[in-house]
>>> print(open('input32.cif').read())   # mmCIF, C-alpha atoms
data_entry
loop_
_atom_site.label_atom_id
_atom_site.label_comp_id
_atom_site.auth_asym_id
_atom_site.auth_seq_id
_atom_site.Cartn_x
_atom_site.Cartn_y
_atom_site.Cartn_z
CA MET A 1460 -26.54 28.49 2.15
CA THR A 1461 -26.93 27.87 -1.58
CA SER A 1462 -29.44 25.72 -3.43
CA GLY A 1463 -28.55 23.46 -6.31
CA ARG A 1464 -30.76 21.63 -8.76
CA SER A 1465 -31.44 18.72 -6.44
CA LYS A 1466 -29.62 19.38 -3.17
CA THR A 1467 -29.27 22.34 -0.85
CA GLU A 1468 -25.68 23.29 0.03
CA PHE A 1469 -24.75 24.60 3.48
CA LEU A 1470 -21.36 26.13 4.32
CA ILE A 1471 -20.23 25.79 7.94
CA THR A 1472 -17.00 26.20 9.93
CA GLU A 1473 -15.45 23.40 11.96
CA SER A 1474 -15.78 23.45 15.77
CA LYS A 1475 -18.70 25.92 15.73
CA TRP A 1476 -22.42 25.35 16.18
CA HIS A 1477 -24.54 26.17 13.14
CA ASP A 1478 -28.32 26.29 12.76
CA LEU A 1479 -29.42 24.51 9.57
CA ASN A 1480 -32.87 24.11 8.09
CA LEU A 1481 -32.67 20.40 7.25
CA SER A 1482 -35.48 18.07 6.30
CA ASP A 1483 -36.44 15.31 8.74
CA GLU A 1484 -34.78 12.77 6.45
CA ASP A 1485 -31.51 14.73 6.34
CA SER A 1486 -31.57 15.39 10.08
CA ASN A 1487 -32.04 11.68 10.85
CA ALA A 1488 -29.31 10.74 8.38
CA LEU A 1489 -26.94 13.19 10.07
CA LYS A 1490 -27.69 11.68 13.48
CA THR A 1491 -26.90 8.23 12.09
CA LEU A 1492 -23.57 9.53 10.79
CA LYS A 1493 -22.87 11.00 14.22
CA ASP A 1494 -23.15 7.56 15.81
CA LYS A 1495 -21.10 5.90 13.08
CA TRP A 1496 -18.28 8.43 13.44
CA ARG A 1497 -17.97 8.07 17.21
CA THR A 1498 -14.46 6.84 17.94
CA ALA A 1499 -12.27 6.10 20.94
CA LYS A 1500 -10.34 9.07 22.27
CA VAL A 1501 -6.64 9.20 21.41
CA SER A 1502 -4.96 11.52 23.88
CA ARG A 1503 -1.48 13.00 23.91
CA TYR A 1504 -1.93 14.06 27.53
CA SER A 1505 -3.62 11.04 29.02
CA GLY A 1506 -4.97 10.77 32.51
CA ALA A 1507 -8.28 11.94 33.90
CA GLN A 1508 -10.60 13.18 31.17
CA THR A 1509 -12.88 16.14 31.50
CA GLU A 1510 -16.30 16.37 29.88
CA ALA A 1511 -14.75 18.63 27.25
CA ASP A 1512 -12.08 16.02 26.50
CA GLU A 1513 -14.72 13.36 26.03
CA ASP A 1514 -16.85 15.61 23.86
CA ILE A 1515 -14.04 16.61 21.51
CA GLY A 1516 -12.13 13.34 21.58
CA SER A 1517 -14.91 10.86 20.99
CA ALA A 1518 -17.22 12.69 18.60
CA VAL A 1519 -16.64 14.01 15.11
CA ILE A 1520 -20.18 15.25 14.51
CA ASP A 1521 -22.70 16.50 17.05
CA VAL A 1522 -26.35 17.11 16.20
CA ARG A 1523 -29.19 18.71 18.14
CA SER A 1524 -32.82 19.09 17.12
CA LEU A 1525 -34.54 22.30 18.23
CA ARG A 1526 -38.27 22.70 18.75
CA ASN A 1527 -38.65 25.11 15.85
CA GLY A 1528 -37.52 22.44 13.39
CA VAL A 1529 -33.97 23.76 13.12
CA THR A 1530 -31.08 21.29 13.34
CA GLN A 1531 -27.92 22.42 15.14
CA VAL A 1532 -24.73 20.90 13.74
CA LYS A 1533 -21.15 20.98 14.97
CA VAL A 1534 -18.18 19.22 13.36
CA PHE A 1535 -15.23 18.81 15.73
CA ASP A 1536 -11.78 19.55 14.27
CA ALA A 1537 -12.51 18.16 10.81
CA ILE A 1538 -13.11 19.61 7.36
CA GLY A 1539 -14.60 18.21 4.19
CA ALA A 1540 -18.13 17.38 3.11
CA ILE A 1541 -21.20 15.59 4.41
CA ASP A 1542 -23.46 14.33 1.64
CA LEU A 1543 -27.05 13.80 2.81
CA PRO A 1544 -30.08 12.60 0.82
CA GLY A 1545 -31.28 16.16 0.19
CA ALA A 1546 -28.41 18.40 1.24
CA VAL A 1547 -24.64 18.80 1.17
CA ILE A 1548 -22.78 20.32 4.13
CA ILE A 1549 -19.35 21.76 3.28
CA VAL A 1550 -17.12 22.15 6.36
CA HIS A 1551 -14.44 24.85 6.18
CA PRO A 1552 -11.41 25.23 8.49
CA LYS A 1553 -11.50 27.57 11.48
CA ILE A 1554 -8.63 29.62 10.03
CA PRO A 1555 -8.68 31.27 6.57
CA ILE A 1556 -8.49 28.71 3.78
CA ALA A 1557 -5.32 30.24 2.31
CA HIS A 1558 -3.43 29.65 5.58
CA PHE A 1559 -4.88 26.19 6.11
CA ASN A 1560 -3.99 25.10 2.58
CA TYR A 1561 -0.45 26.45 2.93
CA ILE A 1562 0.23 24.58 6.19
CA ALA A 1563 -1.51 21.39 5.05
CA ALA A 1564 0.53 21.39 1.84
CA LYS A 1565 3.69 21.35 3.96
CA ALA A 1566 2.33 18.41 5.94
CA LEU A 1567 1.51 16.32 2.88
CA SER A 1568 4.41 17.47 0.67
CA LEU A 1569 3.39 19.25 -2.53
CA PRO A 1570 3.82 16.81 -5.45
CA ARG A 1571 7.03 17.28 -7.40
CA VAL A 1572 5.09 17.18 -10.68
CA TYR A 1573 2.96 20.16 -9.66
CA LYS A 1574 4.14 23.29 -11.50
CA GLY A 1575 1.34 25.71 -10.65
CA ASP A 1576 1.40 28.73 -8.38
CA PHE A 1577 0.08 27.66 -5.01
CA GLY A 1578 -1.29 31.13 -4.40
CA LEU A 1579 -3.76 30.70 -7.25
CA GLN A 1580 -5.46 27.90 -5.34
CA GLN A 1581 -5.84 29.59 -1.99
CA GLY A 1582 -9.59 29.97 -2.40
CA SER A 1583 -10.13 26.25 -2.87
CA ASN A 1584 -11.18 23.91 -0.10
CA PHE A 1585 -8.50 21.51 1.04
CA LEU A 1586 -10.21 18.37 -0.23
CA GLU A 1587 -10.31 19.94 -3.69
CA LEU A 1588 -6.58 20.67 -3.48
CA VAL A 1589 -5.71 17.07 -2.60
CA CYS A 1590 -7.93 15.82 -5.42
CA ALA A 1591 -6.35 18.29 -7.85
CA TRP A 1592 -2.87 17.11 -6.90
CA ALA A 1593 -3.93 13.49 -7.35
CA ILE A 1594 -5.35 14.20 -10.82
CA ASP A 1595 -2.23 16.19 -11.81
CA SER A 1596 -0.08 13.19 -10.87
CA VAL A 1597 -2.32 10.66 -12.66
CA GLU A 1598 -2.37 12.75 -15.83
CA THR A 1599 1.43 12.76 -15.82
CA ILE A 1600 1.45 8.95 -15.63
CA LEU A 1601 -1.11 8.58 -18.41
CA ARG A 1602 1.09 10.52 -20.84
CA ASP A 1603 3.47 7.54 -20.82
CA GLY A 1604 0.81 4.86 -20.33
CA LEU A 1605 -0.12 2.68 -17.37
CA VAL A 1606 2.44 0.25 -16.00
CA ARG A 1607 1.72 -3.40 -16.77
CA ASP A 1608 2.71 -6.48 -14.82
CA TYR A 1609 2.27 -10.24 -15.06
CA LYS A 1610 -0.62 -11.80 -13.19
CA GLU A 1611 -1.57 -15.46 -12.84
CA LEU A 1612 -4.88 -16.34 -14.48
CA ARG A 1613 -6.84 -19.55 -14.90
CA ALA A 1614 -9.53 -19.76 -17.56
CA PRO A 1615 -11.13 -22.11 -20.13
CA LEU A 1616 -9.55 -21.47 -23.55
CA GLN A 1617 -10.01 -22.77 -27.09
CA THR A 1618 -6.23 -23.08 -27.61
CA VAL A 1619 -3.40 -24.17 -25.35
CA ARG A 1620 -1.82 -21.36 -23.37
CA GLY A 1621 0.52 -21.81 -20.43
CA ARG A 1622 -0.11 -24.94 -18.34
CA VAL A 1623 -3.04 -27.24 -19.08
CA HIS A 1624 -4.90 -28.84 -16.17
CA VAL A 1625 -5.29 -32.27 -17.73
CA THR A 1626 -7.86 -33.76 -15.35
CA ASN A 1627 -10.29 -30.84 -15.56
CA THR A 1628 -9.78 -30.60 -19.32
CA PHE A 1629 -10.58 -34.33 -19.72
CA VAL A 1630 -13.75 -33.87 -17.66
CA ASN A 1631 -14.75 -30.91 -19.83
CA ILE A 1632 -14.23 -32.89 -23.05
CA SER A 1633 -16.13 -35.92 -21.71
CA ARG A 1634 -19.08 -33.60 -21.09
CA GLY A 1635 -18.95 -32.18 -24.57
CA ASN A 1636 -17.14 -28.98 -23.59
CA LEU A 1637 -14.05 -28.56 -25.75
CA ALA A 1638 -12.56 -25.80 -23.56
CA LEU A 1639 -9.02 -26.32 -22.27
CA ASP A 1640 -8.55 -25.52 -18.56
CA CYS A 1641 -5.34 -23.44 -18.61
CA SER A 1642 -3.24 -21.48 -16.12
CA PHE A 1643 -1.20 -18.73 -17.71
CA GLU A 1644 0.40 -15.36 -17.07
CA ASP A 1645 -1.21 -12.28 -18.55
CA TYR A 1646 0.67 -9.01 -19.07
CA SER A 1647 -2.04 -6.73 -17.71
CA VAL A 1648 -2.69 -3.21 -16.44
CA ASP A 1649 -4.84 -4.71 -13.66
CA THR A 1650 -2.21 -4.14 -10.96
CA PRO A 1651 -2.55 -3.02 -7.31
CA LEU A 1652 -1.11 0.44 -8.03
CA ASN A 1653 -3.47 1.02 -10.94
CA ARG A 1654 -6.44 -0.16 -8.88
CA VAL A 1655 -5.61 2.42 -6.20
CA LEU A 1656 -5.44 5.17 -8.82
CA LYS A 1657 -8.72 4.08 -10.40
CA HIS A 1658 -10.45 3.99 -7.01
CA SER A 1659 -9.27 7.50 -6.15
CA LEU A 1660 -10.58 8.81 -9.49
CA GLU A 1661 -13.97 7.19 -8.86
CA PHE A 1662 -14.06 8.83 -5.43
CA ILE A 1663 -13.38 12.26 -6.94
CA VAL A 1664 -16.13 11.84 -9.54
CA THR A 1665 -18.75 11.07 -6.85
CA ASN A 1666 -17.62 13.58 -4.21
CA PRO A 1667 -20.04 16.49 -3.66
CA ALA A 1668 -17.28 18.82 -2.41
CA VAL A 1669 -15.29 18.59 -5.64
CA SER A 1670 -15.85 21.10 -8.44
CA ALA A 1671 -17.38 20.14 -11.78
CA LEU A 1672 -14.09 20.93 -13.54
CA LEU A 1673 -12.13 18.44 -11.42
CA LYS A 1674 -14.84 15.81 -11.82
CA LYS A 1675 -14.62 16.22 -15.58
CA ARG A 1676 -10.84 15.74 -15.51
CA ALA A 1677 -11.21 12.69 -13.25
CA LYS A 1678 -13.79 11.14 -15.60
CA ARG A 1679 -11.47 11.68 -18.55
CA CYS A 1680 -8.63 9.94 -16.70
CA ALA A 1681 -10.86 7.10 -15.47
CA LYS A 1682 -11.74 6.12 -19.06
CA GLN A 1683 -8.15 4.92 -19.49
CA PHE A 1684 -8.58 2.55 -16.52
CA SER A 1685 -11.36 0.47 -18.14
CA ALA A 1686 -9.22 -2.69 -18.05
CA VAL A 1687 -8.33 -2.17 -14.38
CA GLY A 1688 -10.35 -4.04 -11.74
CA THR A 1689 -11.88 -2.85 -8.48
CA LEU A 1690 -9.84 -2.02 -5.39
CA ARG A 1691 -8.87 -4.87 -3.04
CA PRO A 1692 -7.99 -4.27 0.64
CA GLN A 1693 -4.38 -5.38 0.18
CA ASP A 1694 -3.87 -2.91 -2.69
CA LEU A 1695 -3.48 0.00 -0.26
CA ARG A 1696 -0.22 -1.58 0.96
CA ALA A 1697 1.32 -1.62 -2.54
CA VAL A 1698 4.39 0.54 -3.12
CA PRO A 1699 6.05 1.59 -6.41
CA GLN A 1700 8.84 -0.69 -7.64
CA ARG A 1701 11.73 -0.08 -10.04
CA ASN A 1702 9.46 -0.09 -13.10
CA SER A 1703 6.90 2.18 -11.43
CA LYS A 1704 8.98 4.79 -9.59
CA HIS A 1705 7.16 7.52 -11.50
CA TYR A 1706 3.98 6.43 -9.68
CA ALA A 1707 5.29 7.71 -6.33
CA ASP A 1708 3.52 11.10 -6.33
CA ALA A 1709 0.27 9.75 -7.77
CA ILE A 1710 0.08 6.91 -5.24
CA HIS A 1711 0.91 9.27 -2.36
CA PHE A 1712 -1.99 11.57 -3.17
CA ALA A 1713 -4.34 8.82 -4.32
CA ASN A 1714 -3.90 7.24 -0.90
CA GLN A 1715 -4.66 10.60 0.72
CA VAL A 1716 -7.91 10.64 -1.24
CA VAL A 1717 -8.81 6.98 -0.65
CA MET A 1718 -7.97 6.91 3.06
CA LYS A 1719 -10.18 9.95 3.70
CA ARG A 1720 -13.15 8.39 1.92
CA GLY A 1721 -15.14 8.56 5.15
CA ILE A 1722 -18.21 6.62 6.18
CA GLU A 1723 -20.99 5.57 3.84
CA LEU A 1724 -24.22 4.07 5.06
CA GLY A 1725 -27.69 3.43 3.75
CA VAL A 1726 -30.50 5.67 4.96
CA GLY A 1727 -33.72 4.27 3.54
CA SER A 1728 -33.47 4.25 -0.23
CA ALA A 1729 -30.92 7.09 -0.19
CA LYS A 1730 -27.31 7.37 0.88
CA ALA A 1731 -25.60 9.51 3.49
CA ARG A 1732 -21.84 9.89 3.14
CA SER A 1733 -19.19 11.88 4.90
CA PHE A 1734 -15.75 12.84 3.62
CA LEU A 1735 -13.97 14.41 6.57
CA TYR A 1736 -10.29 15.12 7.32
CA LYS A 1737 -9.29 15.40 10.96
CA THR A 1738 -7.39 18.68 11.03
CA PRO A 1739 -5.24 18.94 14.22
CA LEU A 1740 -2.64 16.31 13.27
CA LEU A 1741 -2.39 17.78 9.77
CA ILE A 1742 -1.74 21.26 11.17
CA GLU A 1743 0.75 19.96 13.75
CA GLU A 1744 2.76 18.15 11.08
CA GLY A 1745 2.73 21.16 8.76
CA ILE A 1746 3.88 23.60 11.46
CA ARG A 1747 6.63 21.21 12.55
CA ARG A 1748 7.94 20.92 8.98
CA ILE A 1749 7.88 24.69 8.52
CA ILE A 1750 9.92 25.14 11.72
CA GLU A 1751 12.26 22.29 10.75
CA SER A 1752 12.97 23.95 7.41
CA GLY A 1753 13.44 27.37 8.99
CA LEU A 1754 15.81 26.17 11.72
CA ALA A 1755 18.00 23.95 9.52
CA PRO A 1756 20.43 22.42 10.29
CA VAL A 1757 19.19 22.41 13.91
CA ASN A 1758 17.48 19.15 14.84
CA VAL A 1759 13.67 19.47 14.96
CA VAL A 1760 11.74 16.27 15.71
CA LYS A 1761 8.52 14.80 16.99
CA PRO A 1762 9.68 13.60 20.46
CA LYS A 1763 9.03 10.01 21.45
CA ARG A 1764 6.11 9.52 23.80
CA MET A 1765 7.15 9.39 27.46
CA ASN A 1766 5.13 7.20 29.82
CA LEU A 1767 5.17 8.02 33.53
CA LEU A 1768 3.91 5.59 36.18
CA SER A 1769 2.19 6.68 39.37
CA SER A 1770 2.70 4.97 42.73
CA THR A 1771 -0.44 2.92 42.04
CA GLY A 1772 0.78 1.77 38.63
CA LYS A 1773 -1.39 4.07 36.55
CA SER A 1774 0.23 5.44 33.41
CA VAL A 1775 0.29 9.08 32.34
CA SER A 1776 1.89 9.89 28.99
CA ALA A 1777 3.51 13.04 27.64
CA ASN A 1778 3.75 13.56 23.90
CA PRO A 1779 4.65 17.10 22.75
CA ASP A 1780 4.49 18.00 19.07
CA ILE A 1781 7.92 19.58 18.71
CA GLY A 1782 11.37 18.88 20.09
CA ILE A 1783 14.28 21.20 19.23
CA SER A 1784 17.99 20.48 19.71
CA LYS A 1785 19.13 17.66 22.00
CA ASN A 1786 20.99 18.84 25.08
CA PRO A 1787 18.64 19.87 26.45
CA LEU A 1788 15.63 18.97 24.33
CA LEU A 1789 13.39 22.04 24.15
CA VAL A 1790 9.72 21.13 23.78
CA GLY A 1791 6.81 22.87 22.12
CA ASP A 1792 3.20 22.13 21.31
CA VAL A 1793 0.97 23.19 18.42
CA LYS A 1794 -2.60 24.15 19.25
CA TYR A 1795 -5.03 24.34 16.37
CA LYS A 1796 -6.94 27.11 18.12
CA VAL A 1797 -7.41 30.82 17.58
CA GLN A 1798 -5.90 32.79 20.46
CA THR A 1799 -8.25 35.27 22.11
CA LYS A 1800 -7.15 37.47 25.02
CA ASP A 1801 -6.17 35.18 27.89
CA TRP A 1802 -4.02 32.15 28.54
CA ARG A 1803 -5.90 28.87 28.16
CA ARG A 1804 -5.17 27.25 31.51
CA SER A 1805 -5.44 23.67 30.21
CA ASP A 1806 -2.89 24.37 27.46
CA LEU A 1807 -0.62 26.19 29.91
CA ALA A 1808 -0.75 23.29 32.37
CA GLN A 1809 -0.03 20.81 29.60
CA SER A 1810 2.94 22.85 28.38
CA VAL A 1811 4.46 22.96 31.87
CA PHE A 1812 3.86 19.22 32.26
CA PHE A 1813 5.69 18.50 29.00
CA ALA A 1814 8.64 20.68 30.03
CA VAL A 1815 8.97 18.96 33.40
CA ALA A 1816 8.62 15.48 31.89
CA TYR A 1817 11.37 16.13 29.31
CA GLU A 1818 13.51 18.24 31.68
CA SER A 1819 13.23 21.21 29.33
CA PRO A 1820 14.00 24.64 30.86
CA LYS A 1821 11.42 26.29 28.61
CA SER A 1822 8.35 25.31 26.64
CA LEU A 1823 6.56 26.78 23.66
CA ILE A 1824 2.89 27.02 22.71
CA ILE A 1825 2.10 27.77 19.07
CA ASP A 1826 -1.45 28.70 18.15
CA PHE A 1827 -3.15 31.05 15.69
CA GLU A 1828 -3.87 34.77 15.82
CA ASN A 1829 -6.42 36.89 14.01
CA GLU A 1830 -7.38 40.56 14.08
CA GLU A 1831 -8.90 40.23 17.57
CA SER A 1832 -6.10 38.26 19.23
CA LYS A 1833 -3.89 39.72 21.96
CA PRO A 1834 -0.46 38.05 22.34
CA ASN A 1835 0.17 36.26 25.63
CA GLY A 1836 3.97 36.61 25.53
CA ASP A 1837 6.10 34.85 28.16
CA LEU A 1838 5.11 33.46 31.54
CA GLN A 1839 7.53 32.20 34.19
CA VAL A 1840 6.07 29.20 36.03
CA SER A 1841 8.53 28.33 38.80
CA GLN A 1842 11.63 27.15 36.91
CA ILE A 1843 9.84 26.82 33.55
CA LEU A 1844 9.55 29.68 31.06
CA VAL A 1845 6.42 29.21 28.95
CA SER A 1846 6.21 31.28 25.76
CA ALA A 1847 3.30 31.71 23.38
CA LEU A 1848 3.77 32.35 19.67
CA GLY A 1849 0.98 32.80 17.16
CA TRP A 1850 0.73 32.10 13.45
CA ASP A 1851 -0.66 35.28 11.92
CA ALA A 1852 -3.88 33.98 10.35
CA SER A 1853 -5.53 37.36 9.87
CA LYS A 1854 -7.33 37.72 6.54
CA SER A 1855 -4.84 40.28 5.24
CA ALA A 1856 -1.76 38.19 6.12
CA ASN A 1857 0.15 36.28 3.46
CA PRO A 1858 0.81 32.63 4.51
CA GLU A 1859 4.46 32.73 3.45
CA ASP A 1860 5.03 35.90 5.48
CA SER A 1861 3.29 34.27 8.45
CA ALA A 1862 5.59 31.25 8.16
CA LYS A 1863 8.71 33.44 8.13
CA LYS A 1864 7.40 35.45 11.07
CA LEU A 1865 6.80 32.26 13.06
CA VAL A 1866 10.31 30.96 12.33
CA ARG A 1867 11.81 34.29 13.45
CA GLY A 1868 9.77 34.05 16.64
CA VAL A 1869 11.01 30.51 17.34
CA LYS A 1870 14.62 31.62 16.78
CA ALA A 1871 14.12 34.49 19.23
CA TRP A 1872 12.54 32.06 21.71
CA LEU A 1873 15.61 29.84 21.51
CA GLY A 1874 17.58 32.91 22.57
CA ASN A 1875 21.21 32.48 23.44
CA ALA A 1876 21.27 28.70 23.05
CA SER A 1877 24.38 27.52 21.22
CA LEU A 1878 22.52 26.86 17.95
CA LYS A 1879 23.58 27.84 14.43
CA PHE A 1880 21.07 28.44 11.66
CA VAL A 1881 21.31 28.63 7.89
CA PRO A 1882 20.86 32.30 6.87
CA GLU A 1883 17.31 33.06 5.71
CA SER A 1884 18.51 34.03 2.21
CA ALA A 1885 20.32 30.71 1.80
CA SER A 1886 17.42 28.56 2.99
CA SER A 1887 14.80 30.19 0.74
#
>>> encode(input="input32.cif", output="structure tokens")
Amino acid sequence: MTSGRSKTEFLITESKWHDLNLSDEDSNALKTLKDKWRTAKVSRYSGAQTEADEDIGSAVIDVRSLRNGVTQVKVFDAIGAIDLPGAVIIVHPKIPIAHFNYIAAKALSLPRVYKGDFGLQQGSNFLELVCAWAIDSVETILRDGLVRDYKELRAPLQTVRGRVHVTNTFVNISRGNLALDCSFEDYSVDTPLNRVLKHSLEFIVTNPAVSALLKKRAKRCAKQFSAVGTLRPQDLRAVPQRNSKHYADAIHFANQVVMKRGIELGVGSAKARSFLYKTPLLIEEGIRRIIESGLAPVNVVKPKRMNLLSSTGKSVSANPDIGISKNPLLVGDVKYKVQTKDWRRSDLAQSVFFAVAYESPKSLIIDFENEESKPNGDLQVSQILVSALGWDASKSANPEDSAKKLVRGVKAWLGNASLKFVPESASS
């Protein structure tokens, strides 16, 4: 815990309970956020839900008040910041930040304009990285100037411009108003793409989890958007055109910033805001892309969801994270969990279920290992061979080395299948 000039800062880890000394106002604000964040469960292994499923699936934040005035807080599978009236809670990933940032960067695609050494940023929180990439991309655009486009305007003017609305102009003159009611096209920087960029910069400036240096850069950029209006809902659907192709990276990362803006609500005269990224899907996508790159040209995909119907018409779906090759399709699943010493029976059962549903002779579970983990290895379940591989997330491990180690493990898992890979030296 650190104290700032006006707010106290707490550092916590996702998916763990933490005891925080919050004021009554902050505790109540956090409970309000908890209710606002509650969402419907989206399951990849649907069917009967356990209490644990409901707890993790439907809640993002859980809060408990203890008798001694301490507030217990747990954030489920999400990182970012929670800005309360008198405190800021920074939520870190459950694996070392260097490893999380490396995998997440693969999921989001590092911007082509970024020339820095990723390793220099490994101590930064992920939200700060996304914001930094967004600012890098915007600064590149500003060197050449903002793209302009024509927009239809209607306004009272002193001289004729465009098309004059005769009836309204006559009414104005009869009332002593000499303004001409005109419709005209204006070549303006107030375009959907520029509004998205401006909105993302404003978000960065007001975000408590972003460093003062980044906020300063964002403010400097935002000054050049003074003629750009406020964001409209339809702006988020805008895509770069021929004259704005160089906006692609900036819009990609600006959308990442804007879409994770979180929930903002009034709490008395103050504000409580949360800026949280759900982490499992981000990790799954990053791991899949790392494996896809390492196994090239072998086909690595996200398999289509398979729906199975019971005799009573109830649907059960199977949706593994990874599918390798085609005949047969070999399935795997990514678990954003740190492996301890035993098989997790629920994950094992799910892995077998996926293999049976997709008629795969083997299935793979990928999770994370630290200094205390003990590998589970292979387990034969009837006709299905289930194998567990871990991403080495120990503090001393280098993320790039962990990625290469994982790819080697997947290749070994594939065994004698008739698959050909690009040599490691050629793919790097």
>>> residues_near_point(input="input32.cif", point="(-16.5, 23.3, 14.7)", cutoff="7 Å", atoms="all atoms listed in the file", output="list in words")
Thr1472, Glu1473, Ser1474, Lys1475, Trp1476, Lys1533, Val1534, Phe1535 and Asp1536 of chain A
>>> write_last_selection(input="input32.cif", atoms="C-alpha atoms", output="PDB file, in the coordinates of the input")
ATOM      1  CA  THR A1472     -17.000  26.200   9.930  1.00  0.00           C
ATOM      2  CA  GLU A1473     -15.450  23.400  11.960  1.00  0.00           C
ATOM      3  CA  SER A1474     -15.780  23.450  15.770  1.00  0.00           C
ATOM      4  CA  LYS A1475     -18.700  25.920  15.730  1.00  0.00           C
ATOM      5  CA  TRP A1476     -22.420  25.350  16.180  1.00  0.00           C
ATOM      6  CA  LYS A1533     -21.150  20.980  14.970  1.00  0.00           C
ATOM      7  CA  VAL A1534     -18.180  19.220  13.360  1.00  0.00           C
ATOM      8  CA  PHE A1535     -15.230  18.810  15.730  1.00  0.00           C
ATOM      9  CA  ASP A1536     -11.780  19.550  14.270  1.00  0.00           C
TER      10      ASP A1536
END
>>> closest_residue(input="input32.cif", among="A:Glu1751, A:Asp1608, A:Glu1744, A:Glu1484", to="Val1687 (chain A)", atoms="only C-alpha atoms")
A:Asp1608
>>> atom_distance(input="input32.cif", atom1="CA of Arg1679 (chain A)", atom2="CA of Glu1598 (chain A)")
9.6 Å
>>> atom_distance(input="input32.cif", atom1="CA of Thr1738 (chain A)", atom2="CA of Ile1538 (chain A)")
6.9 Å
>>> closest_residue(input="input32.cif", among="A:Lys1796, A:Ala1808, A:Ala1557, A:Ile1541", to="Ala1856 (chain A)", atoms="all atoms listed in the file")
A:Ala1557
>>> atom_distance(input="input32.cif", atom1="CA of Leu1639 (chain A)", atom2="CA of Val1619 (chain A)")
6.8 Å
>>> build_atoms(input="input32.cif", residues="region 1667-1679 of chain A", atoms="N, CA and C atoms", output="PDB file, in the coordinates of the input")
ATOM      1  N   PRO A1667     -19.277  15.248  -3.498  1.00  0.00           N
ATOM      2  CA  PRO A1667     -20.040  16.490  -3.660  1.00  0.00           C
ATOM      3  C   PRO A1667     -19.233  17.753  -3.396  1.00  0.00           C
ATOM      4  N   ALA A1668     -18.075  17.632  -2.743  1.00  0.00           N
ATOM      5  CA  ALA A1668     -17.280  18.820  -2.410  1.00  0.00           C
ATOM      6  C   ALA A1668     -16.282  19.172  -3.504  1.00  0.00           C
ATOM      7  N   VAL A1669     -16.243  18.379  -4.563  1.00  0.00           N
ATOM      8  CA  VAL A1669     -15.290  18.590  -5.640  1.00  0.00           C
ATOM      9  C   VAL A1669     -15.977  19.331  -6.790  1.00  0.00           C
ATOM     10  N   SER A1670     -15.270  20.274  -7.380  1.00  0.00           N
ATOM     11  CA  SER A1670     -15.850  21.100  -8.440  1.00  0.00           C
ATOM     12  C   SER A1670     -16.128  20.282  -9.700  1.00  0.00           C
ATOM     13  N   ALA A1671     -17.017  20.810 -10.532  1.00  0.00           N
ATOM     14  CA  ALA A1671     -17.380  20.140 -11.780  1.00  0.00           C
ATOM     15  C   ALA A1671     -16.175  19.996 -12.705  1.00  0.00           C
ATOM     16  N   LEU A1672     -15.271  20.982 -12.687  1.00  0.00           N
ATOM     17  CA  LEU A1672     -14.090  20.930 -13.540  1.00  0.00           C
ATOM     18  C   LEU A1672     -13.192  19.757 -13.166  1.00  0.00           C
ATOM     19  N   LEU A1673     -12.958  19.563 -11.860  1.00  0.00           N
ATOM     20  CA  LEU A1673     -12.130  18.440 -11.420  1.00  0.00           C
ATOM     21  C   LEU A1673     -12.803  17.110 -11.716  1.00  0.00           C
ATOM     22  N   LYS A1674     -14.112  17.046 -11.518  1.00  0.00           N
ATOM     23  CA  LYS A1674     -14.840  15.810 -11.820  1.00  0.00           C
ATOM     24  C   LYS A1674     -14.701  15.449 -13.296  1.00  0.00           C
ATOM     25  N   LYS A1675     -14.755  16.453 -14.146  1.00  0.00           N
ATOM     26  CA  LYS A1675     -14.620  16.220 -15.580  1.00  0.00           C
ATOM     27  C   LYS A1675     -13.234  15.670 -15.908  1.00  0.00           C
ATOM     28  N   ARG A1676     -12.198  16.240 -15.294  1.00  0.00           N
ATOM     29  CA  ARG A1676     -10.840  15.740 -15.510  1.00  0.00           C
ATOM     30  C   ARG A1676     -10.687  14.318 -14.991  1.00  0.00           C
ATOM     31  N   ALA A1677     -11.291  14.038 -13.825  1.00  0.00           N
ATOM     32  CA  ALA A1677     -11.210  12.690 -13.250  1.00  0.00           C
ATOM     33  C   ALA A1677     -11.915  11.672 -14.139  1.00  0.00           C
ATOM     34  N   LYS A1678     -13.072  12.040 -14.693  1.00  0.00           N
ATOM     35  CA  LYS A1678     -13.790  11.140 -15.600  1.00  0.00           C
ATOM     36  C   LYS A1678     -12.953  10.831 -16.833  1.00  0.00           C
ATOM     37  N   ARG A1679     -12.299  11.864 -17.362  1.00  0.00           N
ATOM     38  CA  ARG A1679     -11.470  11.680 -18.550  1.00  0.00           C
ATOM     39  C   ARG A1679     -10.318  10.714 -18.258  1.00  0.00           C
TER      40      ARG A1679
END
